[in-house]
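Just start.tsv here, TSV, C-alpha atoms and all ligand atoms:
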chain	number	residue	atom	x	y	z
N	116	MET	CA	0.00	0.00	0.00
N	117	GLN	CA	1.32	3.33	-1.03
N	118	GLU	CA	2.18	5.46	1.92
N	119	GLN	CA	-0.05	8.48	2.24
N	120	PRO	CA	1.92	11.62	2.87
N	121	GLU	CA	0.70	14.05	5.50
N	122	ASN	CA	-1.41	11.38	7.17
N	123	ASP	CA	-2.56	13.79	9.82
N	124	LEU	CA	-4.72	15.83	7.32
N	125	GLU	CA	-7.76	13.65	8.01
N	126	THR	CA	-7.08	13.73	11.75
N	127	TYR	CA	-6.93	17.48	11.58
N	128	GLN	CA	-10.21	17.55	9.65
N	129	ASP	CA	-12.00	15.40	12.26
N	130	GLU	CA	-10.72	17.50	15.13
N	131	ALA	CA	-11.67	20.74	13.39
N	132	LEU	CA	-15.22	19.45	12.78
N	133	ALA	CA	-15.46	18.35	16.42
N	134	THR	CA	-14.50	21.81	17.73
N	135	LEU	CA	-16.92	23.43	15.25
N	136	ALA	CA	-19.79	21.58	16.89
N	137	LEU	CA	-18.81	23.23	20.16
N	138	ALA	CA	-19.00	26.74	18.71
N	139	THR	CA	-22.59	27.66	19.68
N	140	ASP	CA	-22.45	31.44	19.70
N	141	GLU	CA	-21.36	34.17	17.32
N	142	LYS	CA	-18.05	34.74	19.05
N	143	GLY	CA	-17.17	31.06	19.04
N	144	ILE	CA	-18.00	30.62	15.39
N	145	GLU	CA	-15.97	33.66	14.39
N	146	ALA	CA	-12.97	32.43	16.35
N	147	TRP	CA	-13.26	29.03	14.69
N	148	TYR	CA	-13.39	30.63	11.25
N	149	ARG	CA	-10.28	32.72	11.96
N	150	LYS	CA	-8.42	29.64	13.12
N	151	HIS	CA	-9.32	27.34	10.23
N	152	LEU	CA	-10.79	28.95	7.11
N	153	ALA	CA	-9.56	32.54	7.13
N	154	PRO	CA	-6.61	33.38	4.78
N	155	SER	CA	-4.22	33.10	7.72
N	156	GLY	CA	-5.93	29.91	8.96
N	157	THR	CA	-4.76	26.31	9.09
N	158	MET	CA	-6.52	25.26	5.90
N	159	ASN	CA	-4.30	27.57	3.90
N	160	GLN	CA	-1.25	26.08	5.61
N	161	TRP	CA	-2.33	22.73	4.14
N	162	ARG	CA	-2.76	24.25	0.68
N	163	LYS	CA	0.72	25.71	0.81
N	164	ARG	CA	2.12	22.26	1.49
N	165	ILE	CA	0.71	20.87	-1.79
N	166	GLY	CA	3.58	22.30	-3.82
N	167	ALA	CA	6.14	20.79	-1.43
N	168	GLN	CA	4.98	17.21	-2.15
N	169	PRO	CA	6.94	14.89	-4.44
N	170	ALA	CA	5.59	15.32	-7.99
N	171	GLU	CA	3.86	11.95	-8.19
N	172	GLN	CA	1.91	12.51	-4.97
N	173	ARG	CA	1.08	16.14	-5.54
N	174	LYS	CA	-2.22	15.59	-7.39
N	175	ALA	CA	-3.64	13.09	-4.89
N	176	PHE	CA	-2.66	15.25	-1.92
N	177	GLY	CA	-4.16	18.33	-3.58
N	178	ALA	CA	-7.44	16.42	-4.00
N	179	ARG	CA	-7.43	15.43	-0.30
N	180	VAL	CA	-6.79	19.03	0.76
N	181	ASN	CA	-9.69	20.19	-1.41
N	182	THR	CA	-11.99	17.55	0.06
N	183	ALA	CA	-11.05	18.58	3.57
N	184	ALA	CA	-11.46	22.28	2.74
N	185	THR	CA	-14.90	21.68	1.20
N	186	ALA	CA	-15.98	19.57	4.19
N	187	LEU	CA	-14.92	22.28	6.64
N	188	ALA	CA	-16.50	25.10	4.59
N	189	THR	CA	-19.80	23.23	4.24
N	190	ALA	CA	-19.90	22.33	7.92
N	191	PHE	CA	-19.02	25.92	8.78
N	192	GLU	CA	-21.94	27.34	6.74
N	193	THR	CA	-24.37	24.92	8.37
N	194	GLN	CA	-23.12	25.68	11.86
N	195	LYS	CA	-23.18	29.41	11.15
N	196	ARG	CA	-26.87	29.27	10.21
N	197	ALA	CA	-27.67	27.22	13.31
N	198	VAL	CA	-25.87	29.71	15.52
N	199	ALA	CA	-27.68	32.64	13.85
N	200	ALA	CA	-31.02	30.98	14.57
N	201	LEU	CA	-29.96	30.37	18.16
N	202	GLU	CA	-28.85	33.98	18.61
N	203	LEU	CA	-32.19	35.21	17.26
N	204	GLU	CA	-34.02	33.02	19.74
N	205	ARG	CA	-31.89	34.34	22.56
N	206	SER	CA	-32.51	37.96	21.57
N	207	ILE	CA	-36.27	37.36	21.37
N	208	ALA	CA	-36.14	35.83	24.81
N	209	ARG	CA	-34.31	38.94	26.07
N	210	GLN	CA	-36.87	41.30	24.49
N	211	SER	CA	-40.02	39.49	25.47
N	212	VAL	CA	-42.61	41.27	27.59
N	213	ASP	CA	-42.35	40.95	31.32
N	214	VAL	CA	-45.96	41.21	32.38
N	215	THR	CA	-45.00	41.71	36.00
N	216	LEU	CA	-43.31	45.09	35.27
N	217	PRO	CA	-45.28	48.22	36.30
N	218	GLY	CA	-46.93	49.95	33.32
N	219	ARG	CA	-45.79	53.24	31.88
N	220	SER	CA	-48.24	55.98	32.79
N	221	LEU	CA	-49.64	58.23	30.07
N	222	THR	CA	-49.14	61.94	30.55
N	223	SER	CA	-52.39	63.82	30.60
N	224	GLY	CA	-53.10	67.53	30.86
N	225	GLY	CA	-55.04	69.26	33.57
N	226	TYR	CA	-56.99	72.45	34.03
N	227	HIS	CA	-55.22	75.65	34.94
N	228	PRO	CA	-56.03	76.48	38.58
N	229	VAL	CA	-57.71	79.70	37.43
N	230	THR	CA	-60.00	77.75	35.07
N	231	THR	CA	-60.88	75.36	37.87
N	232	ILE	CA	-61.88	78.16	40.24
N	233	ILE	CA	-63.83	80.08	37.59
N	234	ARG	CA	-65.83	76.92	36.89
N	235	GLU	CA	-66.45	76.37	40.56
N	236	VAL	CA	-67.58	79.97	41.13
N	237	GLU	CA	-69.81	79.75	38.05
N	238	ARG	CA	-71.36	76.50	39.29
N	239	VAL	CA	-72.18	78.04	42.67
N	240	PHE	CA	-73.85	81.07	41.10
N	241	HIS	CA	-75.63	79.01	38.45
N	242	GLU	CA	-77.20	77.08	41.33
N	243	MET	CA	-78.52	80.40	42.62
N	244	GLY	CA	-80.08	81.16	39.24
N	245	PHE	CA	-77.41	83.42	37.74
N	246	LEU	CA	-76.60	83.08	34.03
N	247	THR	CA	-73.15	83.61	32.54
N	248	PHE	CA	-72.94	86.73	30.38
N	249	GLU	CA	-69.90	87.50	28.25
N	250	SER	CA	-68.77	90.94	27.15
N	251	PRO	CA	-65.88	92.08	24.91
N	252	HIS	CA	-62.26	92.26	26.04
N	253	ALA	CA	-61.67	95.19	23.69
N	254	GLU	CA	-64.28	97.53	25.09
N	255	LEU	CA	-65.59	100.98	24.39
N	256	ASP	CA	-64.41	103.57	26.85
N	257	GLU	CA	-68.10	104.29	27.35
N	258	PHE	CA	-68.90	100.89	28.87
N	259	ASN	CA	-65.65	100.51	30.78
N	260	PHE	CA	-65.83	103.98	32.40
N	261	GLU	CA	-68.32	106.59	31.30
N	262	LEU	CA	-71.58	104.68	31.80
N	263	LEU	CA	-70.27	103.35	35.12
N	264	ASN	CA	-70.29	106.86	36.49
N	265	MET	CA	-66.58	107.42	35.89
N	266	PRO	CA	-66.31	110.73	34.09
N	267	ALA	CA	-63.28	111.63	31.99
N	268	ASP	CA	-61.37	113.18	34.87
N	269	HIS	CA	-61.83	110.26	37.26
N	270	PRO	CA	-58.54	109.00	38.78
N	271	ALA	CA	-59.33	105.38	37.77
N	272	ARG	CA	-59.04	106.49	34.16
N	273	ASP	CA	-55.43	107.47	34.60
N	274	MET	CA	-53.44	106.59	31.48
N	275	GLN	CA	-51.13	104.46	33.61
N	276	ASP	CA	-53.84	101.99	34.54
N	277	THR	CA	-55.43	101.48	31.17
N	278	PHE	CA	-54.35	100.03	27.84
N	279	TYR	CA	-55.87	102.30	25.21
N	280	LEU	CA	-56.43	100.71	21.81
N	281	SER	CA	-57.64	104.00	20.39
N	282	ASP	CA	-59.24	107.21	21.70
N	283	ARG	CA	-62.48	105.37	22.22
N	284	THR	CA	-61.46	101.78	22.90
N	285	VAL	CA	-59.61	100.17	25.79
N	286	LEU	CA	-58.77	96.69	26.98
N	287	ARG	CA	-61.38	96.35	29.71
N	288	THR	CA	-59.89	97.10	33.11
N	289	HIS	CA	-62.62	95.24	34.98
N	290	THR	CA	-65.55	92.95	34.25
N	291	SER	CA	-67.85	95.72	35.49
N	292	ALA	CA	-67.58	96.91	31.88
N	293	GLY	CA	-70.17	94.28	30.95
N	294	GLN	CA	-72.77	95.51	33.48
N	295	VAL	CA	-74.43	98.13	31.28
N	296	ARG	CA	-74.24	95.80	28.26
N	297	ALA	CA	-76.14	93.14	30.20
N	298	MET	CA	-78.71	95.64	31.53
N	299	ARG	CA	-79.39	96.99	28.04
N	300	ILE	CA	-80.19	93.47	26.87
N	301	TYR	CA	-82.52	92.66	29.77
N	302	ALA	CA	-84.13	96.01	30.67
N	303	PRO	CA	-86.83	96.56	31.75
N	304	HIS	CA	-86.87	92.94	32.95
N	305	PRO	CA	-84.94	91.66	35.95
N	306	VAL	CA	-81.36	90.58	35.34
N	307	ARG	CA	-79.32	88.03	37.24
N	308	VAL	CA	-75.93	87.39	35.62
N	309	ILE	CA	-72.30	86.71	36.34
N	310	LEU	CA	-69.59	87.99	34.01
N	311	PRO	CA	-66.31	86.09	34.14
N	312	GLY	CA	-63.23	86.98	32.13
N	313	LEU	CA	-59.79	88.45	31.63
N	314	CYS	CA	-59.11	92.07	32.54
N	315	TYR	CA	-56.09	94.16	31.66
N	316	ARG	CA	-54.21	96.92	33.42
N	317	HIS	CA	-51.20	98.89	32.44
N	318	GLU	CA	-49.15	98.20	35.54
N	319	ASN	CA	-45.72	97.08	36.55
N	320	ILE	CA	-45.63	93.31	36.89
N	321	THR	CA	-44.81	92.44	40.50
N	322	LEU	CA	-45.51	89.74	43.07
N	323	ARG	CA	-48.99	91.22	43.54
N	324	SER	CA	-49.92	92.74	40.20
N	325	GLU	CA	-50.07	91.46	36.63
N	326	ILE	CA	-51.09	93.26	33.45
N	327	GLN	CA	-53.77	90.62	32.93
N	328	PHE	CA	-55.92	88.83	35.49
N	329	HIS	CA	-59.38	87.31	35.78
N	330	GLN	CA	-62.43	88.69	37.51
N	331	ILE	CA	-65.95	87.49	38.03
N	332	GLU	CA	-68.61	90.12	38.21
N	333	GLY	CA	-72.11	89.61	39.53
N	334	LEU	CA	-75.16	91.71	38.75
N	335	LEU	CA	-78.70	91.39	39.97
N	336	VAL	CA	-81.39	93.97	39.15
N	337	GLY	CA	-85.04	93.76	40.12
N	338	LYS	CA	-87.94	95.45	41.81
N	339	SER	CA	-87.45	94.25	45.38
N	340	VAL	CA	-83.66	93.97	45.46
N	341	ARG	CA	-82.04	95.26	48.65
N	342	LEU	CA	-78.65	95.44	50.33
N	343	SER	CA	-79.59	92.40	52.45
N	344	ASP	CA	-79.86	90.41	49.20
N	345	LEU	CA	-76.25	91.25	48.52
N	346	LYS	CA	-75.30	89.94	51.93
N	347	GLY	CA	-77.41	86.80	51.47
N	348	VAL	CA	-76.05	86.01	48.01
N	349	LEU	CA	-72.46	86.56	49.06
N	350	LEU	CA	-72.81	84.59	52.29
N	351	SER	CA	-74.27	81.63	50.39
N	352	PHE	CA	-71.48	81.91	47.86
N	353	ALA	CA	-68.78	82.08	50.56
N	354	ARG	CA	-70.19	79.04	52.36
N	355	LYS	CA	-70.50	76.94	49.21
N	356	MET	CA	-67.05	77.95	48.10
N	357	PHE	CA	-65.08	77.99	51.34
N	358	GLY	CA	-67.04	75.82	53.77
N	359	ARG	CA	-70.34	75.75	55.67
N	360	GLU	CA	-68.98	77.59	58.67
N	361	GLN	CA	-67.63	80.47	56.62
N	362	ARG	CA	-68.48	83.98	57.79
N	363	ILE	CA	-68.37	87.26	55.88
N	364	ARG	CA	-67.95	90.84	56.93
N	365	MET	CA	-68.81	94.05	55.09
N	366	ARG	CA	-66.84	97.24	55.34
N	367	GLY	CA	-67.86	100.57	53.92
N	368	SER	CA	-65.89	101.50	50.80
N	369	TYR	CA	-66.10	103.56	47.66
N	370	PHE	CA	-66.67	102.69	44.03
N	371	PRO	CA	-68.08	105.19	41.52
N	372	PHE	CA	-70.67	102.71	40.21
N	373	THR	CA	-72.20	101.64	43.52
N	374	GLU	CA	-73.89	103.51	46.34
N	375	PRO	CA	-73.43	102.46	49.05
N	376	SER	CA	-70.23	100.55	48.32
N	377	VAL	CA	-68.74	97.82	50.47
N	378	GLU	CA	-65.75	95.57	50.59
N	379	VAL	CA	-66.47	92.02	51.65
N	380	ASP	CA	-64.07	89.97	53.73
N	381	ILE	CA	-64.17	86.27	54.60
N	382	ARG	CA	-62.67	84.51	57.58
N	383	CYS	CA	-59.07	83.65	56.76
N	384	THR	CA	-59.10	80.29	54.96
N	385	LEU	CA	-55.68	79.37	56.33
N	386	CYS	CA	-55.94	80.15	60.05
N	387	GLY	CA	-59.74	80.19	60.42
N	388	GLY	CA	-59.61	83.62	62.03
N	389	ALA	CA	-56.91	83.01	64.63
N	390	GLY	CA	-54.51	85.30	62.76
N	391	CYS	CA	-51.61	84.34	60.50
N	392	ARG	CA	-49.13	85.72	58.03
N	393	VAL	CA	-51.55	85.48	55.08
N	394	CYS	CA	-54.32	87.52	56.77
N	395	LYS	CA	-51.72	89.79	58.35
N	396	HIS	CA	-53.01	88.68	61.77
N	397	SER	CA	-56.43	90.25	61.22
N	398	GLY	CA	-58.26	86.93	60.83
N	399	TRP	CA	-60.00	88.29	57.69
N	400	LEU	CA	-59.25	88.20	53.96
N	401	GLU	CA	-60.52	90.77	51.51
N	402	LEU	CA	-62.60	88.90	48.92
N	403	LEU	CA	-64.42	91.38	46.71
N	404	GLY	CA	-65.90	94.80	46.08
N	405	ALA	CA	-69.66	95.21	45.96
N	406	GLY	CA	-72.58	97.51	46.52
N	407	LEU	CA	-75.98	98.69	45.40
N	408	VAL	CA	-75.85	99.67	41.75
N	409	HIS	CA	-75.65	103.46	41.47
N	410	PRO	CA	-78.92	105.03	40.16
N	411	VAL	CA	-76.98	106.68	37.34
N	412	VAL	CA	-75.69	103.28	36.21
N	413	LEU	CA	-79.18	101.78	36.38
N	414	ALA	CA	-80.48	104.62	34.23
N	415	ASN	CA	-77.61	104.12	31.76
N	416	GLY	CA	-78.64	100.47	31.58
N	417	GLY	CA	-82.18	101.42	30.59
N	418	TYR	CA	-83.93	101.02	33.96
N	419	ASP	CA	-85.93	103.52	35.94
N	420	PRO	CA	-83.94	103.90	39.18
N	421	ARG	CA	-87.14	104.76	41.06
N	422	GLU	CA	-88.60	101.39	40.06
N	423	VAL	CA	-85.73	98.92	40.44
N	424	ARG	CA	-82.57	98.44	42.41
N	425	GLY	CA	-79.52	96.36	41.77
N	426	ILE	CA	-76.69	94.68	43.58
N	427	ALA	CA	-73.27	94.17	42.04
N	428	PHE	CA	-70.04	92.59	43.07
N	429	GLY	CA	-66.67	91.85	41.52
N	430	MET	CA	-63.89	89.53	42.62
N	431	GLY	CA	-60.36	88.80	41.46
N	432	ILE	CA	-59.82	85.15	40.61
N	433	GLU	CA	-56.03	84.88	40.79
N	434	ARG	CA	-56.21	86.48	44.20
N	435	MET	CA	-58.73	83.89	45.32
N	436	VAL	CA	-56.57	80.98	44.06
N	437	MET	CA	-53.59	82.52	45.86
N	438	LEU	CA	-55.53	82.66	49.12
N	439	LEU	CA	-56.85	79.12	48.74
N	440	HIS	CA	-53.47	77.58	47.94
N	441	GLY	CA	-51.11	79.87	49.80
N	442	ILE	CA	-49.43	81.10	46.58
N	443	ASP	CA	-47.39	84.25	47.10
N	444	ASP	CA	-46.56	85.31	43.54
N	445	ILE	CA	-49.25	86.17	40.97
N	446	ARG	CA	-46.74	85.86	38.11
N	447	HIS	CA	-46.87	82.04	38.36
N	448	PHE	CA	-50.31	82.08	36.73
N	449	PHE	CA	-49.08	83.34	33.38
N	450	GLN	CA	-45.66	81.71	33.07
N	451	ASN	CA	-46.84	78.26	31.96
N	452	ASP	CA	-44.21	76.60	34.12
N	453	LEU	CA	-45.25	72.95	34.27
N	454	ARG	CA	-43.69	72.53	37.70
N	455	PHE	CA	-46.23	75.04	39.00
N	456	LEU	CA	-49.19	73.84	36.94
N	457	ARG	CA	-48.70	70.11	37.68
N	458	GLN	CA	-49.44	70.76	41.35
N	459	PHE	CA	-53.06	71.44	40.42
N	460	ARG	CA	-53.58	68.35	38.27
N	461	SER	CA	-56.41	66.34	39.68
I	501	LIG	N1	-64.70	96.68	39.29
I	501	LIG	C1	-64.07	96.74	40.59
I	501	LIG	C2	-62.57	96.53	40.44
I	501	LIG	O1	-62.15	96.16	39.40
I	501	LIG	C3	-64.62	95.69	41.51
I	501	LIG	C4	-66.04	95.93	41.86
I	501	LIG	C5	-66.38	96.72	42.94
I	501	LIG	C6	-67.06	95.39	41.09
I	501	LIG	C7	-67.69	96.95	43.28
I	501	LIG	C8	-68.39	95.61	41.42
I	501	LIG	C9	-68.68	96.41	42.52
I	501	LIG	O2	-69.39	95.10	40.72
I	501	LIG	O3	-69.99	96.61	42.84
I	501	LIG	O4	-61.86	96.72	41.38

Using the file provided, produce a representation of the structure as structure tokens.
Amino acid sequence: MQEQPENDLETYQDEALATLALATDEKGIEAWYRKHLAPSGTMNQWRKRIGAQPAEQRKAFGARVNTAATALATAFETQKRAVAALELERSIARQSVDVTLPGRSLTSGGYHPVTTIIREVERVFHEMGFLTFESPHAELDEFNFELLNMPADHPARDMQDTFYLSDRTVLRTHTSAGQVRAMRIYAPHPVRVILPGLCYRHENITLRSEIQFHQIEGLLVGKSVRLSDLKGVLLSFARKMFGREQRIRMRGSYFPFTEPSVEVDIRCTLCGGAGCRVCKHSGWLELLGAGLVHPVVLANGGYDPREVRGIAFGMGIERMVMLLHGIDDIRHFFQNDLRFLRQFRS
């Protein structure tokens, strides 16, 4: 029997195939390829030895090297596909849903605290039979001042307080501007409305004052309306809004469009009347301005002041939210800072 040169070729082939079967991940299979089939690998070492064989054995040895190379390459391709499938399975296992994990919460918006309070105030007055009446933000000077008994030289008309859009139009400085508009729609019939909305004043922006803020106005006109109705309506409102035990107090005041005029205080919502920093140790918080509608205003609204009387009141909403939540800077309301707004999400 002719002696086979390089007998260990077949041994090498068997060993290489055996180690390939052990390569079960991507790293292992790559390492195996580098060792055996890559240009610098062992298989090429065998090829190089073909030329070194004696001439008569060269052809047969070359054929054996090719057979071995083909066997390794075929086995490698098969193993590579098997490993790829395995790796895919592993990665699916890694990505699969763990149903025991806590869910991701959806972010949802919430109402601005001013919107929430306006709606609450509206609900309370709607229950008492008031309707919501809207009037323009860009208002005639006439309705904002003149017809409310504020003649041209009145200090409240000072250029510094009012945004003038033209000689005759302003951005309303208070919701009282809608009073005469409402009366002219209802007169000579009774009127019972609230007027919520933004107001504007040409002021320096500080902790306590903004150039825009919300008010809610109330207006009730009828034959038998009296000052005690004002007290009754406002006491009911205060109790529904701030608690059943709430008390109110009226102090004499002055507004051009009411006579008499009062300012209404409620018991401090933070200390209950004991005295604290927010109520400046008085036990009371100023809530709104109010009064009996001035006869001149009633007449401007189309009523006969000898026949009917009216009560009116107006409150600042931001101020009320500040008192309810202990907020000390009115500027928060218009900055759209989510850290502030998120505190009111319900
Ligand atoms: N309009 C007043 C203001 O902006 C508030 C006010 C006071 C409204 C008395 C009224 C009222 O209806 O009767 O400060």

Worksheet item: Quick one: of N:Ile233, N:Leu438, N:Ala184, N:Leu286, who's nearest to Leu132 of chain N, counting only C-alpha atoms?
Response: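 Result for the nearest residue to Leu132 of chain N: N:Ala184.
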
Worksheet item: By how many Å are atom CA of Asn159 of chain N and atom CA of Asn181 of chain N apart?
Response: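 Here the two named atoms are 10.6 Å from each other.
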
Fill in: Pick from N:Ala414, N:Leu345, N:Ile442, N:Ala146, whichever lies nearest to ligand LIG 501 (chain I) using all atoms listed in the file
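For ligand LIG 501 (chain I), the nearest of the candidates is N:Leu345.
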
Worksheet item: Near segment 267-284 of chain N, within 8 Å and counting all atoms listed in the file, which residues show up once chain neighbours fewer than 5 positions away are dropped, as a list in words?
Response: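 These residues fall inside the cut-off: Ala253, Glu254, Leu255, Asp256, Glu257, Phe260, Glu261, Tyr315, Arg316, His317 and Glu318 of chain N.
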
Worksheet entry | Env. residues ligand LIG 501 (chain I) / 6 Å / all atoms listed in the file / as a list of chain:residue names |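 Final answer, ordered by chain and number: N:His289, N:Ser291, N:Glu332, N:Phe370, N:Thr373, N:Gly404, N:Ala405, N:Gly406, N:Ala427, N:Phe428, N:Gly429.
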
Kindly save the residues from that selection, with C-alpha atoms included, as a short mmCIF file (atom, residue, chain, number, x, y, z; two decimals), in the frame of the given file.
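Result saved to part10.cif:
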data_model
loop_
_atom_site.label_atom_id
_atom_site.label_comp_id
_atom_site.auth_asym_id
_atom_site.auth_seq_id
_atom_site.Cartn_x
_atom_site.Cartn_y
_atom_site.Cartn_z
CA HIS N 289 -62.62 95.24 34.98
CA SER N 291 -67.85 95.72 35.49
CA GLU N 332 -68.61 90.12 38.21
CA PHE N 370 -66.67 102.69 44.03
CA THR N 373 -72.20 101.64 43.52
CA GLY N 404 -65.90 94.80 46.08
CA ALA N 405 -69.66 95.21 45.96
CA GLY N 406 -72.58 97.51 46.52
CA ALA N 427 -73.27 94.17 42.04
CA PHE N 428 -70.04 92.59 43.07
CA GLY N 429 -66.67 91.85 41.52
#

Discussion item. Here is a test: counting all atoms listed in the file, which residue of N:Ala136, N:Ile300, N:Ala175, N:Leu124 is nearest to Thr157 of chain N?
Written reply: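 Answer, going by the shortest atom-to-atom distance: N:Leu124.
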
Worksheet item: Could you name the residues that touch Met430 of chain N at 6 Å or less, counting only C-alpha atoms, but leaving out those on the same chain fewer than 2 positions away, as number ranges by chain?
Response: N: 330-331, 403

Worksheet item: Which one is closest to Pro371 of chain N: N:Met265, N:Ala353, N:Ala200, N:Leu439? Count all atoms listed in the file.
Response: N:Met265

Worksheet entry | Neighbours of point (-58.2, 90.8, 62.3) within 12 Å, using all atoms listed in the file, written as a VMD selection string | chain N and resid 364 380 to 383 386 to 401

Residues as selected, C-alpha atoms, written as a PDB file, in the coordinates of the input, can you do that?
ATOM      1  CA  ARG N 364     -67.950  90.840  56.930  1.00  0.00           C
ATOM      2  CA  ASP N 380     -64.070  89.970  53.730  1.00  0.00           C
ATOM      3  CA  ILE N 381     -64.170  86.270  54.600  1.00  0.00           C
ATOM      4  CA  ARG N 382     -62.670  84.510  57.580  1.00  0.00           C
ATOM      5  CA  CYS N 383     -59.070  83.650  56.760  1.00  0.00           C
ATOM      6  CA  CYS N 386     -55.940  80.150  60.050  1.00  0.00           C
ATOM      7  CA  GLY N 387     -59.740  80.190  60.420  1.00  0.00           C
ATOM      8  CA  GLY N 388     -59.610  83.620  62.030  1.00  0.00           C
ATOM      9  CA  ALA N 389     -56.910  83.010  64.630  1.00  0.00           C
ATOM     10  CA  GLY N 390     -54.510  85.300  62.760  1.00  0.00           C
ATOM     11  CA  CYS N 391     -51.610  84.340  60.500  1.00  0.00           C
ATOM     12  CA  ARG N 392     -49.130  85.720  58.030  1.00  0.00           C
ATOM     13  CA  VAL N 393     -51.550  85.480  55.080  1.00  0.00           C
ATOM     14  CA  CYS N 394     -54.320  87.520  56.770  1.00  0.00           C
ATOM     15  CA  LYS N 395     -51.720  89.790  58.350  1.00  0.00           C
ATOM     16  CA  HIS N 396     -53.010  88.680  61.770  1.00  0.00           C
ATOM     17  CA  SER N 397     -56.430  90.250  61.220  1.00  0.00           C
ATOM     18  CA  GLY N 398     -58.260  86.930  60.830  1.00  0.00           C
ATOM     19  CA  TRP N 399     -60.000  88.290  57.690  1.00  0.00           C
ATOM     20  CA  LEU N 400     -59.250  88.200  53.960  1.00  0.00           C
ATOM     21  CA  GLU N 401     -60.520  90.770  51.510  1.00  0.00           C
TER      22      GLU N 401
END

Response to the item:
re atom CA of Arg307 of chain N and atom CA of Asp344 of chain N: distance 12.2 Å

Item to complete: Identify, on the basis of all atoms listed in the file, every residue whose closest approach to Glu422 of chain N does not exceed 10 Å; exclude the query and any residue fewer than 3 positions from it along the same chain; express the result as a PyMOL selection string.
Response: chain N and resi 303+337-339+418-419
